[in-house]
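Q: So here's final.cif (mmCIF, C-alpha atoms).
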data_upload
loop_
_atom_site.group_PDB
_atom_site.id
_atom_site.type_symbol
_atom_site.label_atom_id
_atom_site.label_comp_id
_atom_site.auth_asym_id
_atom_site.auth_seq_id
_atom_site.Cartn_x
_atom_site.Cartn_y
_atom_site.Cartn_z
ATOM 1 C CA MET A 1 16.254 -7.482 33.034
ATOM 2 C CA TYR A 2 19.360 -6.198 31.263
ATOM 3 C CA ALA A 3 20.888 -9.673 31.086
ATOM 4 C CA ASP A 4 17.687 -11.000 29.497
ATOM 5 C CA THR A 5 17.697 -8.224 26.906
ATOM 6 C CA LEU A 6 21.276 -8.946 25.889
ATOM 7 C CA LEU A 7 20.593 -12.669 25.866
ATOM 8 C CA ILE A 8 17.696 -12.158 23.448
ATOM 9 C CA LEU A 9 19.915 -10.022 21.239
ATOM 10 C CA PHE A 10 22.485 -12.799 21.222
ATOM 11 C CA ILE A 11 19.810 -15.452 20.528
ATOM 12 C CA SER A 12 18.560 -13.392 17.621
ATOM 13 C CA VAL A 13 22.032 -13.028 16.095
ATOM 14 C CA ALA A 14 22.713 -16.733 16.600
ATOM 15 C CA THR A 15 19.428 -17.856 15.030
ATOM 16 C CA ALA A 16 19.881 -15.471 12.097
ATOM 17 C CA VAL A 17 23.376 -16.815 11.430
ATOM 18 C CA PHE A 18 22.120 -20.377 11.889
ATOM 19 C CA GLY A 19 19.211 -19.779 9.503
ATOM 20 C CA GLU A 20 21.413 -18.268 6.828
ATOM 21 C CA GLY A 21 23.998 -21.001 7.325
ATOM 22 C CA LEU A 22 21.357 -23.680 6.886
ATOM 23 C CA THR A 23 19.997 -21.953 3.803
ATOM 24 C CA TRP A 24 23.512 -21.689 2.390
ATOM 25 C CA LEU A 25 24.048 -25.401 3.006
ATOM 26 C CA LEU A 26 20.769 -26.428 1.400
ATOM 27 C CA VAL A 27 20.277 -23.771 -1.259
ATOM 28 C CA TYR A 28 22.752 -20.976 -1.861
ATOM 29 C CA ARG A 29 25.750 -23.184 -2.646
ATOM 30 C CA THR A 30 23.913 -25.399 -5.131
ATOM 31 C CA GLU A 31 24.638 -24.961 -8.828
ATOM 32 C CA LYS A 32 20.944 -24.880 -9.676
ATOM 33 C CA TYR A 33 20.307 -21.917 -7.387
ATOM 34 C CA LYS A 34 23.352 -19.989 -8.612
ATOM 35 C CA LYS A 35 22.345 -20.533 -12.214
ATOM 36 C CA LEU A 36 18.723 -19.520 -11.640
ATOM 37 C CA LYS A 37 19.661 -16.472 -9.606
ATOM 38 C CA ALA A 38 22.059 -15.230 -12.260
ATOM 39 C CA GLU A 39 19.406 -15.824 -14.906
ATOM 40 C CA VAL A 40 16.710 -13.929 -12.969
ATOM 41 C CA GLU A 41 19.041 -11.006 -12.327
ATOM 42 C CA LYS A 42 20.082 -10.819 -15.938
ATOM 43 C CA GLN A 43 16.517 -10.977 -17.198
ATOM 44 C CA SER A 44 15.254 -8.449 -14.637
ATOM 45 C CA LYS A 45 17.884 -5.899 -15.616
ATOM 46 C CA LYS A 46 17.264 -6.486 -19.296
ATOM 47 C CA LEU A 47 13.524 -6.122 -18.867
ATOM 48 C CA GLU A 48 13.917 -2.954 -16.815
ATOM 49 C CA LYS A 49 16.088 -1.395 -19.505
ATOM 50 C CA GLN A 50 13.693 -2.356 -22.267
ATOM 51 C CA LYS A 51 10.731 -0.979 -20.341
ATOM 52 C CA GLU A 52 12.540 2.329 -19.935
ATOM 53 C CA MET A 53 13.252 2.415 -23.651
ATOM 54 C CA VAL A 54 9.697 1.839 -24.817
ATOM 55 C CA VAL A 55 8.105 4.413 -22.510
ATOM 56 C CA GLY A 56 6.267 6.866 -24.731
ATOM 57 C CA ASP A 57 6.226 4.508 -27.686
ATOM 58 C CA THR A 58 3.817 1.885 -26.485
ATOM 59 C CA THR A 59 2.003 1.555 -29.789
ATOM 60 C CA GLU A 60 4.529 -0.825 -31.268
ATOM 61 C CA ARG A 61 2.930 -4.213 -31.060
ATOM 62 C CA SER A 62 5.996 -6.343 -31.603
ATOM 63 C CA HIS A 63 7.773 -4.576 -28.767
ATOM 64 C CA LYS A 64 4.863 -5.186 -26.461
ATOM 65 C CA LYS A 65 4.705 -8.842 -27.351
ATOM 66 C CA LYS A 66 8.426 -9.232 -26.843
ATOM 67 C CA LEU A 67 8.164 -7.625 -23.435
ATOM 68 C CA GLU A 68 5.275 -9.869 -22.469
ATOM 69 C CA ARG A 69 7.227 -12.949 -23.501
ATOM 70 C CA GLN A 70 10.199 -11.868 -21.435
ATOM 71 C CA GLU A 71 8.016 -11.128 -18.442
ATOM 72 C CA GLU A 72 6.537 -14.593 -18.703
ATOM 73 C CA ARG A 73 9.989 -16.165 -18.833
ATOM 74 C CA LEU A 74 11.049 -14.142 -15.814
ATOM 75 C CA LYS A 75 7.993 -15.255 -13.883
ATOM 76 C CA THR A 76 8.752 -18.889 -14.638
ATOM 77 C CA ASN A 77 12.336 -18.482 -13.488
ATOM 78 C CA ASN A 78 11.206 -16.711 -10.328
ATOM 79 C CA ARG A 79 8.830 -19.559 -9.612
ATOM 80 C CA ASP A 80 11.627 -22.074 -10.074
ATOM 81 C CA LEU A 81 13.827 -20.059 -7.748
ATOM 82 C CA SER A 82 11.123 -20.091 -5.080
ATOM 83 C CA MET A 83 10.758 -23.858 -5.448
ATOM 84 C CA VAL A 84 14.486 -24.299 -4.882
ATOM 85 C CA LYS A 85 14.243 -22.158 -1.757
ATOM 86 C CA MET A 86 11.260 -24.132 -0.422
ATOM 87 C CA LYS A 87 13.443 -26.974 0.836
ATOM 88 C CA SER A 88 15.371 -24.714 3.165
ATOM 89 C CA MET A 89 12.239 -22.808 4.144
ATOM 90 C CA PHE A 90 10.735 -25.988 5.533
ATOM 91 C CA ALA A 91 13.937 -26.949 7.321
ATOM 92 C CA THR A 92 14.417 -23.531 8.916
ATOM 93 C CA GLY A 93 10.679 -23.336 9.673
ATOM 94 C CA PHE A 94 10.811 -26.533 11.701
ATOM 95 C CA ALA A 95 14.033 -25.568 13.456
ATOM 96 C CA PHE A 96 12.747 -22.112 14.364
ATOM 97 C CA THR A 97 9.384 -23.351 15.617
ATOM 98 C CA ALA A 98 11.168 -25.750 17.969
ATOM 99 C CA LEU A 99 13.663 -23.109 19.118
ATOM 100 C CA LEU A 100 10.997 -20.452 19.570
ATOM 101 C CA SER A 101 8.770 -22.660 21.715
ATOM 102 C CA MET A 102 11.805 -23.517 23.861
ATOM 103 C CA PHE A 103 12.742 -19.864 24.352
ATOM 104 C CA ASN A 104 9.094 -18.974 24.927
ATOM 105 C CA SER A 105 8.905 -21.376 27.849
ATOM 106 C CA ILE A 106 12.215 -20.086 29.260
ATOM 107 C CA PHE A 107 11.106 -16.447 29.175
ATOM 108 C CA ASP A 108 7.453 -17.142 29.971
ATOM 109 C CA GLY A 109 5.943 -14.394 32.147
ATOM 110 C CA ARG A 110 9.215 -12.455 32.350
ATOM 111 C CA THR A 111 9.523 -8.791 31.474
ATOM 112 C CA VAL A 112 12.655 -8.711 29.341
ATOM 113 C CA ALA A 113 12.772 -4.961 28.660
ATOM 114 C CA LYS A 114 10.974 -1.699 29.304
ATOM 115 C CA LEU A 115 9.469 -0.020 26.257
ATOM 116 C CA PRO A 116 9.976 3.741 25.906
ATOM 117 C CA PHE A 117 6.495 3.980 24.335
ATOM 118 C CA VAL A 118 3.059 2.455 24.857
ATOM 119 C CA PRO A 119 2.302 0.151 21.921
ATOM 120 C CA ILE A 120 -0.987 0.596 20.065
ATOM 121 C CA SER A 121 -3.742 -1.775 21.173
ATOM 122 C CA TRP A 122 -3.378 -4.429 18.447
ATOM 123 C CA LEU A 123 0.351 -4.697 19.087
ATOM 124 C CA ARG A 124 -0.106 -5.290 22.806
ATOM 125 C CA SER A 125 -1.066 -8.915 22.272
ATOM 126 C CA ILE A 126 2.536 -9.463 21.159
ATOM 127 C CA SER A 127 4.389 -6.887 23.223
ATOM 128 C CA HIS A 128 2.595 -7.896 26.452
ATOM 129 C CA ARG A 129 2.275 -11.614 25.680
ATOM 130 C CA ASN A 130 2.029 -13.802 28.809
ATOM 131 C CA LEU A 131 2.908 -10.882 31.069
ATOM 132 C CA MET A 132 1.042 -9.975 34.259
ATOM 133 C CA GLY A 133 -0.248 -6.504 35.071
ATOM 134 C CA GLU A 134 -1.561 -3.593 33.076
ATOM 135 C CA ASP A 135 1.702 -1.775 32.445
ATOM 136 C CA TYR A 136 1.931 -1.952 28.675
ATOM 137 C CA THR A 137 5.471 -0.640 28.601
ATOM 138 C CA ASP A 138 6.578 -4.065 29.858
ATOM 139 C CA CYS A 139 8.055 -5.958 26.942
ATOM 140 C CA SER A 140 7.695 -9.681 26.340
ATOM 141 C CA PHE A 141 10.339 -11.978 24.866
ATOM 142 C CA ILE A 142 8.573 -12.483 21.557
ATOM 143 C CA PHE A 143 8.244 -8.746 20.779
ATOM 144 C CA LEU A 144 11.920 -8.009 21.323
ATOM 145 C CA TYR A 145 12.907 -11.172 19.466
ATOM 146 C CA ILE A 146 10.813 -10.220 16.409
ATOM 147 C CA LEU A 147 12.301 -6.711 16.346
ATOM 148 C CA CYS A 148 15.848 -8.041 16.685
ATOM 149 C CA THR A 149 15.244 -10.553 13.915
ATOM 150 C CA MET A 150 13.766 -7.901 11.603
ATOM 151 C CA SER A 151 16.868 -5.813 12.006
ATOM 152 C CA ILE A 152 19.629 -8.395 12.287
ATOM 153 C CA ARG A 153 18.537 -11.007 9.742
ATOM 154 C CA GLN A 154 17.992 -8.466 7.001
ATOM 155 C CA ASN A 155 21.393 -6.901 7.608
ATOM 156 C CA ILE A 156 23.171 -10.253 7.772
ATOM 157 C CA GLN A 157 21.546 -11.275 4.472
ATOM 158 C CA LYS A 158 22.685 -8.060 2.895
ATOM 159 C CA LEU A 159 26.187 -8.300 4.303
ATOM 160 C CA LEU A 160 26.622 -11.842 3.060
ATOM 161 C CA GLY A 161 25.091 -11.008 -0.310
ATOM 162 C CA PHE A 162 22.225 -13.502 0.015
ATOM 163 C CA ALA A 163 19.405 -11.016 -0.467
ATOM 164 C CA PRO A 164 17.855 -10.741 -3.943
ATOM 165 C CA THR A 165 18.848 -7.778 -6.097
ATOM 166 C CA ARG A 166 16.618 -4.729 -6.414
ATOM 167 C CA ALA A 167 15.932 -5.386 -10.076
ATOM 168 C CA ALA A 168 14.730 -8.912 -9.317
ATOM 169 C CA SER A 169 12.542 -7.782 -6.400
ATOM 170 C CA LYS A 170 11.076 -4.986 -8.479
ATOM 171 C CA GLN A 171 10.053 -7.274 -11.338
ATOM 172 C CA GLY A 172 7.998 -9.433 -8.984
ATOM 173 C CA SER A 173 9.100 -12.508 -7.246
ATOM 174 C CA GLY A 174 7.887 -16.060 -7.304
ATOM 175 C CA PHE A 175 5.454 -17.489 -4.800
ATOM 176 C CA PHE A 176 6.306 -15.774 -1.592
ATOM 177 C CA GLY A 177 7.594 -12.374 -2.581
ATOM 178 C CA THR A 178 10.690 -10.690 -1.305
ATOM 179 C CA PRO A 179 11.067 -7.402 0.499
ATOM 180 C CA SER A 180 11.844 -4.696 -2.021
ATOM 181 C CA GLN A 181 14.425 -3.028 0.200
ATOM 182 C CA SER A 182 16.661 -6.060 0.390
ATOM 183 C CA SER A 183 19.354 -6.280 -2.174
ATOM 184 C CA LYS A 184 22.883 -7.236 -3.186
ATOM 185 C CA MET B 1 30.380 -8.826 -45.835
ATOM 186 C CA SER B 2 29.805 -8.278 -42.212
ATOM 187 C CA THR B 3 32.459 -7.176 -39.831
ATOM 188 C CA LYS B 4 32.041 -7.817 -36.179
ATOM 189 C CA LYS B 5 32.407 -4.715 -34.110
ATOM 190 C CA LYS B 6 34.420 -4.991 -30.985
ATOM 191 C CA VAL B 7 32.032 -4.756 -28.091
ATOM 192 C CA VAL B 8 33.208 -2.282 -25.529
ATOM 193 C CA ASP B 9 32.294 -3.250 -22.014
ATOM 194 C CA LYS B 10 30.551 -0.234 -20.576
ATOM 195 C CA THR B 11 29.746 -1.723 -17.197
ATOM 196 C CA PRO B 12 31.445 0.121 -14.381
ATOM 197 C CA LYS B 13 34.392 -1.472 -12.679
ATOM 198 C CA GLU B 14 33.602 -3.604 -9.668
ATOM 199 C CA ALA B 15 33.233 -1.201 -6.797
ATOM 200 C CA THR B 16 35.316 -1.948 -3.763
ATOM 201 C CA LEU B 17 34.200 -1.040 -0.288
ATOM 202 C CA MET B 18 36.819 1.689 -0.005
ATOM 203 C CA THR B 19 36.031 3.376 -3.333
ATOM 204 C CA THR B 20 32.318 3.338 -2.535
ATOM 205 C CA PHE B 21 32.995 4.823 0.880
ATOM 206 C CA LEU B 22 35.203 7.560 -0.557
ATOM 207 C CA LYS B 23 32.579 8.358 -3.162
ATOM 208 C CA SER B 24 29.863 8.491 -0.544
ATOM 209 C CA ILE B 25 31.671 11.107 1.514
ATOM 210 C CA SER B 26 32.640 13.330 -1.412
ATOM 211 C CA ALA B 27 30.089 15.773 -2.743
ATOM 212 C CA SER B 28 28.441 15.374 -6.155
ATOM 213 C CA SER B 29 30.024 12.006 -6.958
ATOM 214 C CA SER B 30 28.895 10.218 -10.071
ATOM 215 C CA TRP B 31 26.899 7.027 -9.530
ATOM 216 C CA PRO B 32 26.702 5.023 -12.764
ATOM 217 C CA ASP B 33 25.683 1.962 -10.758
ATOM 218 C CA LYS B 34 22.327 2.779 -9.181
ATOM 219 C CA ASP B 35 22.498 -0.151 -6.784
ATOM 220 C CA GLU B 36 25.773 1.135 -5.401
ATOM 221 C CA PHE B 37 24.184 4.451 -4.454
ATOM 222 C CA LEU B 38 21.100 2.794 -2.984
ATOM 223 C CA ASP B 39 23.391 0.553 -0.925
ATOM 224 C CA VAL B 40 25.109 3.638 0.446
ATOM 225 C CA VAL B 41 21.705 5.040 1.435
ATOM 226 C CA TYR B 42 20.770 1.674 2.980
ATOM 227 C CA TRP B 43 23.854 1.426 5.194
ATOM 228 C CA MET B 44 23.707 5.102 6.061
ATOM 229 C CA ARG B 45 20.187 4.492 7.314
ATOM 230 C CA GLN B 46 21.238 1.498 9.403
ATOM 231 C CA ILE B 47 23.970 3.529 11.090
ATOM 232 C CA MET B 48 21.480 6.341 11.703
ATOM 233 C CA GLY B 49 18.958 3.888 13.145
ATOM 234 C CA LEU B 50 21.536 2.551 15.581
ATOM 235 C CA ALA B 51 22.864 5.984 16.530
ATOM 236 C CA PHE B 52 19.425 7.574 16.984
ATOM 237 C CA GLY B 53 18.276 4.607 19.061
ATOM 238 C CA LEU B 54 21.220 5.024 21.415
ATOM 239 C CA ILE B 55 20.746 8.814 21.656
ATOM 240 C CA TRP B 56 16.967 8.554 22.168
ATOM 241 C CA GLY B 57 17.583 5.924 24.876
ATOM 242 C CA ILE B 58 20.201 7.930 26.738
ATOM 243 C CA PHE B 59 18.244 11.187 27.006
ATOM 244 C CA PRO B 60 15.544 9.560 27.177
ATOM 245 C CA LEU B 61 13.005 10.498 24.555
ATOM 246 C CA ASN B 62 9.822 8.475 24.672
ATOM 247 C CA GLY B 63 6.361 8.099 23.261
ATOM 248 C CA ILE B 64 4.919 8.356 19.787
ATOM 249 C CA LEU B 65 6.538 11.758 19.246
ATOM 250 C CA ALA B 66 9.988 10.224 19.615
ATOM 251 C CA ILE B 67 9.095 7.679 16.910
ATOM 252 C CA LEU B 68 7.785 10.404 14.609
ATOM 253 C CA LEU B 69 10.901 12.457 15.264
ATOM 254 C CA PHE B 70 13.000 9.494 14.153
ATOM 255 C CA PHE B 71 11.136 9.216 10.842
ATOM 256 C CA VAL B 72 11.300 12.957 10.189
ATOM 257 C CA ILE B 73 15.020 13.358 10.947
ATOM 258 C CA ASN B 74 15.946 10.122 9.188
ATOM 259 C CA SER B 75 14.099 11.038 5.990
ATOM 260 C CA LEU B 76 15.318 14.643 6.125
ATOM 261 C CA ILE B 77 18.956 13.589 6.366
ATOM 262 C CA VAL B 78 18.564 11.150 3.464
ATOM 263 C CA TYR B 79 16.798 13.831 1.417
ATOM 264 C CA LEU B 80 19.512 16.403 2.090
ATOM 265 C CA TYR B 81 22.187 13.814 1.357
ATOM 266 C CA TYR B 82 20.963 12.825 -2.084
ATOM 267 C CA ASN B 83 19.481 16.159 -3.098
ATOM 268 C CA THR B 84 21.970 18.696 -1.786
ATOM 269 C CA PHE B 85 25.172 16.781 -1.088
ATOM 270 C CA GLN B 86 25.247 14.204 -3.880
ATOM 271 C CA GLN B 87 22.876 16.071 -6.209
ATOM 272 C CA VAL B 88 21.600 12.930 -7.895
ATOM 273 C CA ASP B 89 18.593 12.932 -10.169
ATOM 274 C CA GLU B 90 15.929 11.060 -8.201
ATOM 275 C CA GLU B 91 14.075 10.135 -11.401
ATOM 276 C CA GLU B 92 16.989 7.866 -12.336
ATOM 277 C CA PHE B 93 16.270 5.884 -9.211
ATOM 278 C CA GLY B 94 12.537 5.641 -9.744
ATOM 279 C CA GLY B 95 11.416 8.809 -7.962
ATOM 280 C CA VAL B 96 11.765 10.400 -4.532
ATOM 281 C CA GLY B 97 9.882 7.578 -2.845
ATOM 282 C CA GLU B 98 12.314 4.890 -3.966
ATOM 283 C CA ILE B 99 15.284 6.606 -2.322
ATOM 284 C CA LEU B 100 13.378 7.740 0.752
ATOM 285 C CA LYS B 101 12.047 4.278 1.518
ATOM 286 C CA GLU B 102 15.323 2.462 0.828
ATOM 287 C CA GLY B 103 16.103 0.465 3.989
ATOM 288 C CA LEU B 104 13.614 2.473 6.040
ATOM 289 C CA MET B 105 11.862 -0.416 7.780
ATOM 290 C CA THR B 106 15.092 -2.225 8.631
ATOM 291 C CA SER B 107 16.474 1.041 9.926
ATOM 292 C CA PHE B 108 13.328 1.489 12.037
ATOM 293 C CA ALA B 109 13.734 -2.007 13.491
ATOM 294 C CA THR B 110 17.397 -1.266 14.292
ATOM 295 C CA PHE B 111 16.340 2.008 15.891
ATOM 296 C CA LEU B 112 13.675 0.319 18.041
ATOM 297 C CA VAL B 113 16.057 -2.393 19.241
ATOM 298 C CA SER B 114 18.840 0.005 20.227
ATOM 299 C CA TRP B 115 16.347 2.465 21.754
ATOM 300 C CA ILE B 116 14.630 -0.211 23.857
ATOM 301 C CA ILE B 117 17.912 -1.773 25.000
ATOM 302 C CA MET B 118 19.478 1.567 25.935
ATOM 303 C CA PHE B 119 16.308 2.810 27.620
ATOM 304 C CA SER B 120 15.921 -0.393 29.659
ATOM 305 C CA ALA B 121 19.593 -0.484 30.606
ATOM 306 C CA ILE B 122 19.928 3.117 31.770
ATOM 307 C CA HIS B 123 16.538 3.931 33.195
ATOM 308 C CA HIS B 124 15.115 0.597 34.366
ATOM 309 C CA SER B 125 17.959 -1.728 35.249
#
Would you write the structure of this file as structure tokens?
A:
Amino acid sequence: MYADTLLILFISVATAVFGEGLTWLLVYRTEKYKKLKAEVEKQSKKLEKQKEMVVGDTTERSHKKKLERQEERLKTNNRDLSMVKMKSMFATGFAFTALLSMFNSIFDGRTVAKLPFVPISWLRSISHRNLMGEDYTDCSFIFLYILCTMSIRQNIQKLLGFAPTRAASKQGSGFFGTPSQSSK
Amino acid sequence: MSTKKKVVDKTPKEATLMTTFLKSISASSSWPDKDEFLDVVYWMRQIMGLAFGLIWGIFPLNGILAILLFFVINSLIVYLYYNTFQQVDEEEFGGVGEILKEGLMTSFATFLVSWIIMFSAIHHS
């Protein structure tokens, strides 16, 4: 069981690095992405500052209109940024679906870890997926893999500086949205 | 006749890892760059998540109470850190909630992974 657990941890790290590497190759290193990202960050910070300044004095119409125009521009840029990211999202999506189905068949019906808690009923369909018996502290591959990915991918993104800045996430983000806690 | 004023760059110097670390461990540091402080809170949380997971797994603590205990201690430490140790004004960062939820879910995921691995390894291998 212990070997399986460590193997899943390793798989998760490897897929996270692979995913980020692929995204870097297809998106992050391109001039278009760099330019758009810098633009979005600049506009987000500017907008945030201006919003702070006009708090309490919201009656000024020209200010409001200016803010609205800037928000609109930011939205357009965010949309463009999401479109640039789409290419890699499809590529990684395909790669991960293939990898996940392969790992699923390898670990099918195997208890990979023991949970120190009993998951709530709607989580059991994932945590006890394809496992025999009624012991809900048995953990399936997919549950541990999802948890590892949640932790490792986010941290790798942050370490490598690929996550969007807080200002950009706060001002709303394109089609798919980005987690507000990710930054730098 | 217009004279161009020299624009003084007021942005803080690029923070290096070492200076940020030194600032984070000294009391009442000044944090002109909000993101820098929130990053400190983020990484502090990740380390806590990992450490608590290992401790919870070794003892072992289990059940929903252990999860609640993680959230309580984690949030309490962050609160004491920014409020008592660093004495920052939370309103500058968008309120108490913004600091308290910074990196919380990632920290929780890190905690769960280390807790499950340690628990399985020690008590069920």
Q: On this structure, the PyMOL selection byres ((chain B) within 7 of (chain A)) would catch which residues? List them as an mmCIF file with C-alpha atoms, in the frame of the given file, sorted by chain and number.
A:
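What follows is the written file result_27.cif:
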data_model
loop_
_atom_site.group_PDB
_atom_site.id
_atom_site.type_symbol
_atom_site.label_atom_id
_atom_site.label_comp_id
_atom_site.auth_asym_id
_atom_site.auth_seq_id
_atom_site.Cartn_x
_atom_site.Cartn_y
_atom_site.Cartn_z
ATOM 1 C CA ASN B 62 9.822 8.475 24.672
ATOM 2 C CA GLY B 63 6.361 8.099 23.261
ATOM 3 C CA ILE B 64 4.919 8.356 19.787
ATOM 4 C CA GLU B 102 15.323 2.462 0.828
ATOM 5 C CA GLY B 103 16.103 0.465 3.989
ATOM 6 C CA THR B 106 15.092 -2.225 8.631
ATOM 7 C CA ALA B 109 13.734 -2.007 13.491
ATOM 8 C CA THR B 110 17.397 -1.266 14.292
ATOM 9 C CA VAL B 113 16.057 -2.393 19.241
ATOM 10 C CA ILE B 116 14.630 -0.211 23.857
ATOM 11 C CA ILE B 117 17.912 -1.773 25.000
ATOM 12 C CA PHE B 119 16.308 2.810 27.620
ATOM 13 C CA SER B 120 15.921 -0.393 29.659
ATOM 14 C CA ALA B 121 19.593 -0.484 30.606
ATOM 15 C CA HIS B 124 15.115 0.597 34.366
ATOM 16 C CA SER B 125 17.959 -1.728 35.249
#
Q: Determine the axis-aligned bounding box of all atoms of region 32-47 of chain B present in the file, pad each side by 5 Å, and express its centre and edge lengths in Å to one decimal place as lines of an AutoDock Vina configuration file.
A:
center_x = 23.4
center_y = 2.5
center_z = -0.8
size_x = 16.5
size_y = 15.3
size_z = 33.9
Q: For the provided coordinates, the residues matched by the PyMOL selection byres ((chain B and resi 55) around 12) should be stated as JSON, numbers by chain.
A: {"B": [48, 49, 50, 51, 52, 53, 54, 56, 57, 58, 59, 60, 61, 62, 66, 70, 111, 112, 114, 115, 116, 117, 118, 119, 122]}
Q: One decimal, in Å: what's the spacing between CA of Glu71 (chain A) and CA of Ser169 (chain A)?
A: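 Computed distance, CA of Glu71 (chain A) to CA of Ser169 (chain A), equals 13.3 Å.
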Q: Determine the residue membership of the PyMOL selection byres ((chain A and resi 73-89) around 7) for the file above and supply it as number ranges by chain.
A: A: 23, 26-27, 33, 36, 40, 43, 69-72, 90-93, 173-175
Q: Nearest to Val78 (chain B) among B:Phe93, B:Tyr42, B:Phe21, B:Trp31, with distances taken over all atoms listed in the file: which residue is it?
A: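 Nearest to Val78 (chain B): B:Tyr42.
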Q: Nearest residue to Gly161 (chain A) out of A:Leu131, A:Arg110, A:Lys45, A:Tyr28, using only C-alpha atoms?
A: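 Nearest to Gly161 (chain A): A:Tyr28.
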Q: Can you pull out every residue within 12 Å of Ile25 (chain B), counting all atoms listed in the file, but drop anything in the same chain fewer than 6 positions away, and send it as a count of residues only?
A: 10
Q: Skipping near chain neighbours, those fewer than 4 positions away, what residues fall within 8 Å of Asn104 (chain A) using all atoms listed in the file, listed as a short mmCIF file (atom, residue, chain, number, x, y, z; two decimals) with C-alpha atoms, in the frame of the given file?
A:
data_model
loop_
_atom_site.label_atom_id
_atom_site.label_comp_id
_atom_site.auth_asym_id
_atom_site.auth_seq_id
_atom_site.Cartn_x
_atom_site.Cartn_y
_atom_site.Cartn_z
CA LEU A 100 11.00 -20.45 19.57
CA ASP A 108 7.45 -17.14 29.97
CA PHE A 141 10.34 -11.98 24.87
CA ILE A 142 8.57 -12.48 21.56
#
Q: Tell me, in Å to one decimal, how far CA of Tyr136 (chain A) is from CA of Leu123 (chain A).
A: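 Taking CA of Tyr136 (chain A) and CA of Leu123 (chain A), their separation equals 10.1 Å.
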Q: Out of A:Ser140, A:Leu160, A:Phe94, A:Leu67, which residue has the shortest atom-to-atom distance to Glu48 (chain A) when counting all atoms listed in the file?
A: A:Leu67
Q: Take CA of Asp138 (chain A) and CA of Phe96 (chain A) and report the distance between them in Å, one decimal.
A: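 Pair CA of Asp138 (chain A) / CA of Phe96 (chain A) returns 24.6 Å.
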Q: Return the single residue from B:Asp39, B:Ile77, B:Leu100, B:Gly95 that is closest to Ser24 (chain B), with distances computed using all atoms listed in the file.
A: B:Asp39
Q: Would you pick out the contacts of Ser30 (chain B) at 9 Å or less, using only C-alpha atoms, so that residues sharing its chain but fewer than 3 positions from it are not included, and give the list as a PDB file with C-alpha atoms, in the frame of the given file?
A:
ATOM      1  CA  LYS B  23      32.579   8.358  -3.162  1.00  0.00           C
ATOM      2  CA  ASP B  33      25.683   1.962 -10.758  1.00  0.00           C
ATOM      3  CA  GLN B  86      25.247  14.204  -3.880  1.00  0.00           C
ATOM      4  CA  VAL B  88      21.600  12.930  -7.895  1.00  0.00           C
TER       5      VAL B  88
END
Q: Using only C-alpha atoms, which of the listed residues (A:Phe143, A:Asn130, A:Lys64, A:Asp135) sits closest to Ser105 (chain A)?
A: A:Asn130
